[in-house]
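Here the structure comes first, spelled out in structure tokens, and everything after it is commentary.
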Amino acid sequence: MDSSLKGRPGGAIWWKLIAVVFVLYTVIAGFLVSVPAQPILHESIRNLYFHVPMWFSMMVILFISLWHSIKYLSKSTIESDIIATQAAHTGMLLGALGLATGSFWARYTWGAWWVADTKLNGAAITMLIYLAYFILRGSIDEEQKRARIAAVYNIFAYVMLIVFLMILPRMSDSLHPGNGGNPGFNKYDLDKNMRLVFYPAVIGWILLSVWILTLRIRLQKLKRKLMFNE
């Protein structure tokens, strides 16, 4: 996987096959496998196979972005800046999908597309923080200066992500399972059938996200090569 992440062709293909198989399995089994008959949630609980793995994937991809920002500050290699930037782009795609599926879920369980929930608002703020990361990059012309300042900001952005998505919801009232004193799904309704779909879903979405990231890195490196060859 490392060779693909660094944008070099000819990397291992086995994990990509796993990504495709697991995501296809999630889509098919996610709509066909029986789920617990829970009040309020009803069939909308199937969104667990999509919404939650997308957020997990976002966390993993943005951690990759964080890691390479730290590497850039340590070694100042342009490759680390490219990976950090493209991982942030990929993470925001997953974040947008997470917000969309979460909003859909909220509509059928809480009665509105958006409610004043600590975690929902924190997710929106996190997206705005990362949007500012891209605006910051676009406002600086000099490459090394842009990479260095963006790397520092990216570290701040991930810390804020942890605060808004993992710390504050556990310290205040929240409608989300596992937050604000609410029991998590595994406490009351993630039965054996759901686990057989949920765990492959998490693995599949994470691997698919890494695959998307590797493609973005290769594309960016190709654009850079073409730009400097002209």
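Going by the structure tokens order, chains are called A, B, ..., each with residues numbered from 1, while ligands are numbered from 1 in the order shown.
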Using only C-alpha atoms, which protein or nucleic acid residues come within 7 Å of Ser57 (chain A)? Drop anything in the same chain fewer than 5 positions from it, and give the result as an MDAnalysis selection string.
chainID A and resid 205:206 209
How would the residues just chosen look if you wrote them out with C-alpha atoms as a CSV table (one decimal), in the first residue's frame?
chain,number,residue,atom,x,y,z
A,205,TRP,CA,-14.6,2.4,2.9
A,206,ILE,CA,-11.2,3.1,4.4
A,209,SER,CA,-10.6,6.2,0.5
Write out as an MDAnalysis selection string which residues come within 9 Å of Ala84 (chain A) when counting only C-alpha atoms, dropping same-chain ones fewer than 5 positions away.
chainID A and resid 62 64:69 72 79 89 151 154
Hey, can you spit out that residue selection with N, CA and C atoms as a PDB file, in the first residue's frame?
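Result file follows (again_31.pdb):
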ATOM      1  N   LEU A  62      -7.593  12.132   7.014  1.00  0.00           N
ATOM      2  CA  LEU A  62      -7.107  13.408   7.545  1.00  0.00           C
ATOM      3  C   LEU A  62      -5.932  13.204   8.490  1.00  0.00           C
ATOM      4  N   ILE A  64      -3.649  10.961   7.861  1.00  0.00           N
ATOM      5  CA  ILE A  64      -2.558  10.863   6.877  1.00  0.00           C
ATOM      6  C   ILE A  64      -2.110  12.265   6.469  1.00  0.00           C
ATOM      7  N   SER A  65      -3.079  13.154   6.268  1.00  0.00           N
ATOM      8  CA  SER A  65      -2.754  14.538   5.934  1.00  0.00           C
ATOM      9  C   SER A  65      -1.950  15.190   7.054  1.00  0.00           C
ATOM     10  N   LEU A  66      -2.398  14.996   8.289  1.00  0.00           N
ATOM     11  CA  LEU A  66      -1.678  15.519   9.448  1.00  0.00           C
ATOM     12  C   LEU A  66      -0.254  14.985   9.498  1.00  0.00           C
ATOM     13  N   TRP A  67      -0.099  13.679   9.330  1.00  0.00           N
ATOM     14  CA  TRP A  67       1.207  13.041   9.425  1.00  0.00           C
ATOM     15  C   TRP A  67       2.188  13.613   8.402  1.00  0.00           C
ATOM     16  N   HIS A  68       1.711  13.817   7.189  1.00  0.00           N
ATOM     17  CA  HIS A  68       2.594  14.333   6.147  1.00  0.00           C
ATOM     18  C   HIS A  68       2.844  15.829   6.298  1.00  0.00           C
ATOM     19  N   SER A  69       1.960  16.532   6.953  1.00  0.00           N
ATOM     20  CA  SER A  69       2.257  17.927   7.287  1.00  0.00           C
ATOM     21  C   SER A  69       3.388  17.990   8.303  1.00  0.00           C
ATOM     22  N   TYR A  72       6.524  17.241   6.518  1.00  0.00           N
ATOM     23  CA  TYR A  72       7.024  18.372   5.744  1.00  0.00           C
ATOM     24  C   TYR A  72       7.770  19.357   6.641  1.00  0.00           C
ATOM     25  N   GLU A  79       6.963  16.223  -1.734  1.00  0.00           N
ATOM     26  CA  GLU A  79       6.079  15.065  -1.789  1.00  0.00           C
ATOM     27  C   GLU A  79       5.164  15.022  -0.568  1.00  0.00           C
ATOM     28  N   HIS A  89      -8.048  17.110   0.694  1.00  0.00           N
ATOM     29  CA  HIS A  89      -9.124  17.139  -0.312  1.00  0.00           C
ATOM     30  C   HIS A  89      -9.986  15.879  -0.214  1.00  0.00           C
ATOM     31  N   ALA A 151       1.095  23.547   6.505  1.00  0.00           N
ATOM     32  CA  ALA A 151       1.381  22.396   7.366  1.00  0.00           C
ATOM     33  C   ALA A 151       1.085  22.727   8.826  1.00  0.00           C
ATOM     34  N   ASN A 154      -2.607  22.878   9.236  1.00  0.00           N
ATOM     35  CA  ASN A 154      -3.211  21.555   9.149  1.00  0.00           C
ATOM     36  C   ASN A 154      -3.145  20.820  10.484  1.00  0.00           C
TER      37      ASN A 154
END
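Here the question is which of A:Phe63, A:Ile162, A:His51, A:Val197 gets nearest to Phe31 (chain A) using only C-alpha atoms, and that residue is A:Val197.
The protein and nucleic acid residues lying at most 8 Å from Ile82 (chain A) are Ile217, Gln220 and Lys221 of chain A, with only C-alpha atoms considered and sequence neighbours fewer than 5 positions away removed.
Checking A:Ser139, A:Ile167, A:Arg46, A:Trp105 one by one against Ser34 (chain A), counting only C-alpha atoms, you find the shortest gap at A:Arg46.
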Do you know which residues are at most 10 Å from Trp114 (chain A) counting only C-alpha atoms, after dropping those on the same chain fewer than 4 positions away, and could you put them as a ChimeraX atom specification?
/A:99,102-107,110,120-121
Members of region 56-206 of chain A assigned helix (DSSP H, G or I) by DSSP, as a PyMOL selection string
chain A and resi 56-75+78-109+118-138+143-171+185-188+192-206
Restricted to C-alpha atoms, what would the selected residues look like written as a tab-separated table (two decimals), in the first residue's frame?
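part.tsv written:
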chain	number	residue	atom	x	y	z
A	56	PHE	CA	-14.09	6.73	10.11
A	57	SER	CA	-12.49	6.95	6.67
A	58	MET	CA	-12.38	10.74	6.90
A	59	MET	CA	-10.59	10.51	10.24
A	60	VAL	CA	-8.00	8.10	8.80
A	61	ILE	CA	-7.39	10.13	5.65
A	62	LEU	CA	-7.11	13.41	7.55
A	63	PHE	CA	-4.67	11.75	9.93
A	64	ILE	CA	-2.56	10.86	6.88
A	65	SER	CA	-2.75	14.54	5.93
A	66	LEU	CA	-1.68	15.52	9.45
A	67	TRP	CA	1.21	13.04	9.43
A	68	HIS	CA	2.59	14.33	6.15
A	69	SER	CA	2.26	17.93	7.29
A	70	ILE	CA	4.42	17.02	10.27
A	71	LYS	CA	6.85	15.26	7.90
A	72	TYR	CA	7.02	18.37	5.74
A	73	LEU	CA	7.91	20.55	8.73
A	74	SER	CA	10.62	18.02	9.59
A	75	LYS	CA	12.13	17.37	6.14
A	78	ILE	CA	7.45	18.62	-1.61
A	79	GLU	CA	6.08	15.06	-1.79
A	80	SER	CA	4.89	15.35	1.81
A	81	ASP	CA	3.12	18.62	0.97
A	82	ILE	CA	1.42	17.00	-2.03
A	83	ILE	CA	0.21	14.03	0.03
A	84	ALA	CA	-0.97	16.28	2.88
A	85	THR	CA	-2.93	18.49	0.47
A	86	GLN	CA	-4.52	15.68	-1.50
A	87	ALA	CA	-5.40	13.82	1.70
A	88	ALA	CA	-7.15	16.94	2.96
A	89	HIS	CA	-9.12	17.14	-0.31
A	90	THR	CA	-10.08	13.46	-0.03
A	91	GLY	CA	-11.00	13.87	3.61
A	92	MET	CA	-13.32	16.75	2.80
A	93	LEU	CA	-15.04	14.66	0.14
A	94	LEU	CA	-15.69	12.01	2.78
A	95	GLY	CA	-16.77	14.69	5.23
A	96	ALA	CA	-19.29	16.04	2.73
A	97	LEU	CA	-20.66	12.53	2.17
A	98	GLY	CA	-20.79	12.03	5.93
A	99	LEU	CA	-22.75	15.24	6.42
A	100	ALA	CA	-25.14	14.32	3.60
A	101	THR	CA	-25.85	10.82	4.91
A	102	GLY	CA	-26.09	12.18	8.46
A	103	SER	CA	-28.58	14.83	7.40
A	104	PHE	CA	-30.64	12.20	5.61
A	105	TRP	CA	-30.59	10.05	8.73
A	106	ALA	CA	-31.57	12.98	10.95
A	107	ARG	CA	-34.58	13.70	8.74
A	108	TYR	CA	-36.06	10.25	9.35
A	109	THR	CA	-35.10	9.83	13.00
A	118	THR	CA	-23.29	19.35	19.39
A	119	LYS	CA	-21.74	16.79	17.06
A	120	LEU	CA	-23.59	18.00	13.97
A	121	ASN	CA	-22.55	21.58	14.57
A	122	GLY	CA	-19.03	20.43	15.37
A	123	ALA	CA	-18.86	18.54	12.08
A	124	ALA	CA	-19.97	21.63	10.17
A	125	ILE	CA	-17.39	23.79	11.97
A	126	THR	CA	-14.70	21.22	11.21
A	127	MET	CA	-15.56	21.36	7.51
A	128	LEU	CA	-15.27	25.15	7.60
A	129	ILE	CA	-11.89	24.92	9.33
A	130	TYR	CA	-10.57	22.68	6.56
A	131	LEU	CA	-12.14	24.91	3.93
A	132	ALA	CA	-10.05	27.72	5.40
A	133	TYR	CA	-7.00	25.47	4.89
A	134	PHE	CA	-7.59	25.48	1.14
A	135	ILE	CA	-8.27	29.21	1.09
A	136	LEU	CA	-5.02	29.77	2.97
A	137	ARG	CA	-3.08	27.69	0.45
A	138	GLY	CA	-4.64	29.57	-2.43
A	143	GLU	CA	5.63	27.23	-2.84
A	144	GLN	CA	7.77	26.57	0.22
A	145	LYS	CA	6.17	29.31	2.27
A	146	ARG	CA	2.71	28.03	1.31
A	147	ALA	CA	3.60	24.46	2.24
A	148	ARG	CA	5.13	25.46	5.57
A	149	ILE	CA	2.27	27.70	6.72
A	150	ALA	CA	-0.34	25.22	5.47
A	151	ALA	CA	1.38	22.40	7.37
A	152	VAL	CA	1.21	24.34	10.63
A	153	TYR	CA	-2.45	25.17	10.03
A	154	ASN	CA	-3.21	21.55	9.15
A	155	ILE	CA	-1.96	20.41	12.54
A	156	PHE	CA	-4.26	22.95	14.19
A	157	ALA	CA	-7.16	21.79	12.00
A	158	TYR	CA	-6.81	18.14	13.06
A	159	VAL	CA	-6.64	19.10	16.72
A	160	MET	CA	-9.89	21.03	16.27
A	161	LEU	CA	-11.41	18.01	14.53
A	162	ILE	CA	-10.67	15.88	17.59
A	163	VAL	CA	-12.12	18.54	19.87
A	164	PHE	CA	-15.35	19.08	17.90
A	165	LEU	CA	-16.05	15.47	16.94
A	166	MET	CA	-14.72	13.41	19.83
A	167	ILE	CA	-14.35	15.53	22.95
A	168	LEU	CA	-17.13	18.14	23.07
A	169	PRO	CA	-19.98	15.71	22.15
A	170	ARG	CA	-18.99	13.53	25.11
A	171	MET	CA	-18.99	16.50	27.47
A	185	PHE	CA	-25.03	1.14	18.87
A	186	ASN	CA	-23.05	-1.80	20.17
A	187	LYS	CA	-24.85	-1.44	23.49
A	188	TYR	CA	-28.34	-2.20	22.24
A	192	LYS	CA	-24.64	-10.32	14.81
A	193	ASN	CA	-26.09	-9.76	11.34
A	194	MET	CA	-25.24	-6.08	11.42
A	195	ARG	CA	-21.69	-6.73	12.63
A	196	LEU	CA	-21.13	-9.02	9.63
A	197	VAL	CA	-21.84	-6.03	7.39
A	198	PHE	CA	-20.58	-3.13	9.52
A	199	TYR	CA	-16.98	-4.29	10.04
A	200	PRO	CA	-16.34	-5.09	6.35
A	201	ALA	CA	-17.98	-1.73	5.56
A	202	VAL	CA	-15.46	0.12	7.72
A	203	ILE	CA	-12.53	-1.73	6.15
A	204	GLY	CA	-13.90	-1.34	2.63
A	205	TRP	CA	-14.59	2.40	2.88
A	206	ILE	CA	-11.19	3.09	4.42
Distance of CA of Gly30 (chain A) from CA of Leu48 (chain A), expressed in Å to one decimal place
9.0 Å
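Interatomic distance, CA of Val210 (chain A) to CA of Leu226 (chain A): 24.4 Å.
Using only C-alpha atoms for every distance, the candidate list A:Phe228, A:Trp55, A:Phe50, A:Trp113 yields A:Phe50 as the residue closest to Ile28 (chain A).
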